[in-house]
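What follows is a single structure, written as structure tokens, with notes after it.
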Amino acid sequence: NKINKNKKYYIFIDEIQFSKPVKNPYISDSDEEITFVDTLLGLMKIENLDIYVTGSNSKILSKDILTQFRDRGDEIHVYPLSFTEFYDTYKDKNLAWRDYVVFGGMPYILRLETFEEKSTYLKNLFEETYIKDIIERNKIQNSSDILDILLNFISSAIGSLTNPLKLSNRFLSENKISISHNTISKYLSYFEESYILYSAKRYDIKGAKYFTTPLKYYFADIGLRNVRLNFRQVEETHIMENIIYNDLIRRGYNVDVGVVEYNQTEDNKKKKIQLEVDFVVNRGNIKYYIQSALALESNEKREQELNSLKRINDSFKKIVIIKDDIIPRYDEQGIYYIGIKDFLLTDNIFEN
């Protein structure tokens, strides 16, 4: 009765997982209960009311909420800060990049000053929020060490091809732990559901089909990845690739790892060769091919990075992103070159 039909109202409900069902006060002599879903579905009938709900992964996932709302709700994925948002507080591209590749884009990082403060915050965030959520939600017992080792394996190999069987074998060879590839696959799915990791499938560009295995894994926030390794492996080659992947996902694109196959004759025998394109980027009927290269310091390195792009015969745009600040340009083969910072800071980058 207090809602004015001529005004717009907003309701924000945080930590919805702590709500509890209550007995329906309108039906006597009944055990029927009212849940938060029932309440919100009733509120959604009010046209001038906009409702936003958040919840912790340990109790309820966003996909569960969407299912309960019977397709009447939309998911808004809140990402860590993009490089553009991070840069807004620095106004110096080089300083912003220096910190972004180390500490990532968790917003609270910007309020902290020292390395120790930032490191402690990221470590506590990872252990007390993400890992605890996964353990509680999935009722994992006596396997926290397994989760730690698996995360360290993935952290040390971002952007590298792997699969649950390879990881299972690595557990046995390096840690003398026998764990099935099915269990590894299950734990990896927990990491993805909790937005710690993304997985990227391999796509056969010429054959227009997906490979089921292996996959590449990327961290949703590079700071969380770095703190897992105690900042031991802050090498820009794979970190840059991870940051580009995250930025493309944030922009709303579907992102795959490209594979270009061709036959090569050696000693009168045909041999199938596979080359990689770091990212095949899709949205609707539009497609782009992206190669991430820290530097193109020699003709040999340039040929290595460009070989896969040159063997793609369609007319979609091909882009090479390098670390150095350069004047964006096209070469004689129509391949577009741009520095990483300009790529991340340009909204309409694919229209250039």
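How things are named: the first chain in the structure tokens is A, the next is B, and so on; residues count from 1 in each chain; ligands count from 1 in the order shown.
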TODO: Write down as number ranges by chain the residues belonging to segment 84-310 of chain A that are assigned alpha helix (DSSP H) by DSSP computed on the backbone.
DONE: A: 84-87, 93-103, 115-125, 132-137, 144-155, 164-175, 181-193, 222-228, 236-250, 299-310
Task: 8 Å contact set for Gln233 of chain A, only C-alpha atoms, chain neighbours under 3 positions out, as a PyMOL selection string - done: chain A and resi 156+226+229
Open item on the list: From the options A:Tyr210, A:Tyr195, A:Tyr187, A:Trp97, which residue's atoms come nearest to Thr84 of chain A, counting only C-alpha atoms?
Closed with: A:Trp97
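Closest to Ser308 of chain A among A:Arg170, A:Arg111, A:Lys206, A:Lys7 is A:Lys206, based on only C-alpha atoms.
If you count only C-alpha atoms and ignore residues fewer than 5 places along the chain from Asp221 of chain A, what sits within 9 Å of it is A:Tyr79, A:Pro80, A:Leu81, A:Phe103, A:Gly104, A:Gly105, A:Met106, A:Ile196, A:Leu197, A:Asn242, A:Ile243, A:Asn246.
Picture a line from atom CA of Tyr100 of chain A to atom CA of Arg251 of chain A; it runs 18.2 Å.
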Open item on the list: As an exercise, work out the distance from atom CA of Lys317 of chain A to atom CA of Tyr289 of chain A in Å and give it to one decimal place.
Closed with: 6.3 Å
TODO: Name the closest residue to Tyr217 of chain A among the candidates A:Thr120, A:Ser160, A:Ser28, A:Asn4; distances are taken between atoms, counting only C-alpha atoms.
DONE: A:Ser160
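Taking only C-alpha atoms, the non-local environment of Met44 of chain A within 10 Å (same-chain residues fewer than 4 positions away omitted) comprises Thr39, Leu40, Asn48, Leu49, Asp50, Ile51, Phe69, Arg72 and Gly73 of chain A.
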Considering only C-alpha atoms, tabulate each residue of segment 184-246 of chain A that lies at most 9 Å from segment 271-286 of chain A along with its nearest interatomic pair and the corresponding distance in Å to one decimal; arrange the rows by chain and ascending residue number and present them as a Markdown table.
| residue | atom | partner | partner_atom | distance |
| --- | --- | --- | --- | --- |
| A:Tyr203 | CA | A:Val280 | CA | 7.9 |
| A:Ile205 | CA | A:Val280 | CA | 8.5 |
| A:Glu241 | CA | A:Asp278 | CA | 8.0 |
| A:Tyr245 | CA | A:Phe279 | CA | 7.8 |
Go ahead and save the residues from that selection, with C-alpha atoms, as a short mmCIF file (atom, residue, chain, number, x, y, z; two decimals), in the first residue's frame.
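The resulting file, part_28.cif, is reproduced below:
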data_model
loop_
_atom_site.label_atom_id
_atom_site.label_comp_id
_atom_site.auth_asym_id
_atom_site.auth_seq_id
_atom_site.Cartn_x
_atom_site.Cartn_y
_atom_site.Cartn_z
CA TYR A 203 38.18 -25.08 -31.87
CA ILE A 205 39.03 -23.34 -37.41
CA GLU A 241 47.23 -13.93 -22.19
CA TYR A 245 40.98 -13.62 -22.10
#
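Here the question is which of A:Asn175, A:Asn254, A:Ser315, A:Ser180 gets nearest to Tyr198 of chain A using only C-alpha atoms, and that residue is A:Asn254.
You can rank A:Gly258, A:Asp267, A:Ala220, A:Lys118 by their closest distance to Tyr130 of chain A using only C-alpha atoms, and at the top of that list sits A:Ala220.
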TODO: Looking only at strand (DSSP E or B) from DSSP on the backbone, list the matching residues of segment 226-275 of chain A as a ChimeraX atom specification.
DONE: /A:254-266,269-275
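Counting only C-alpha atoms and comparing A:Ile290, A:Leu345, A:Val101, A:Leu215, the residue that lies closest to Gly159 of chain A is A:Leu215.
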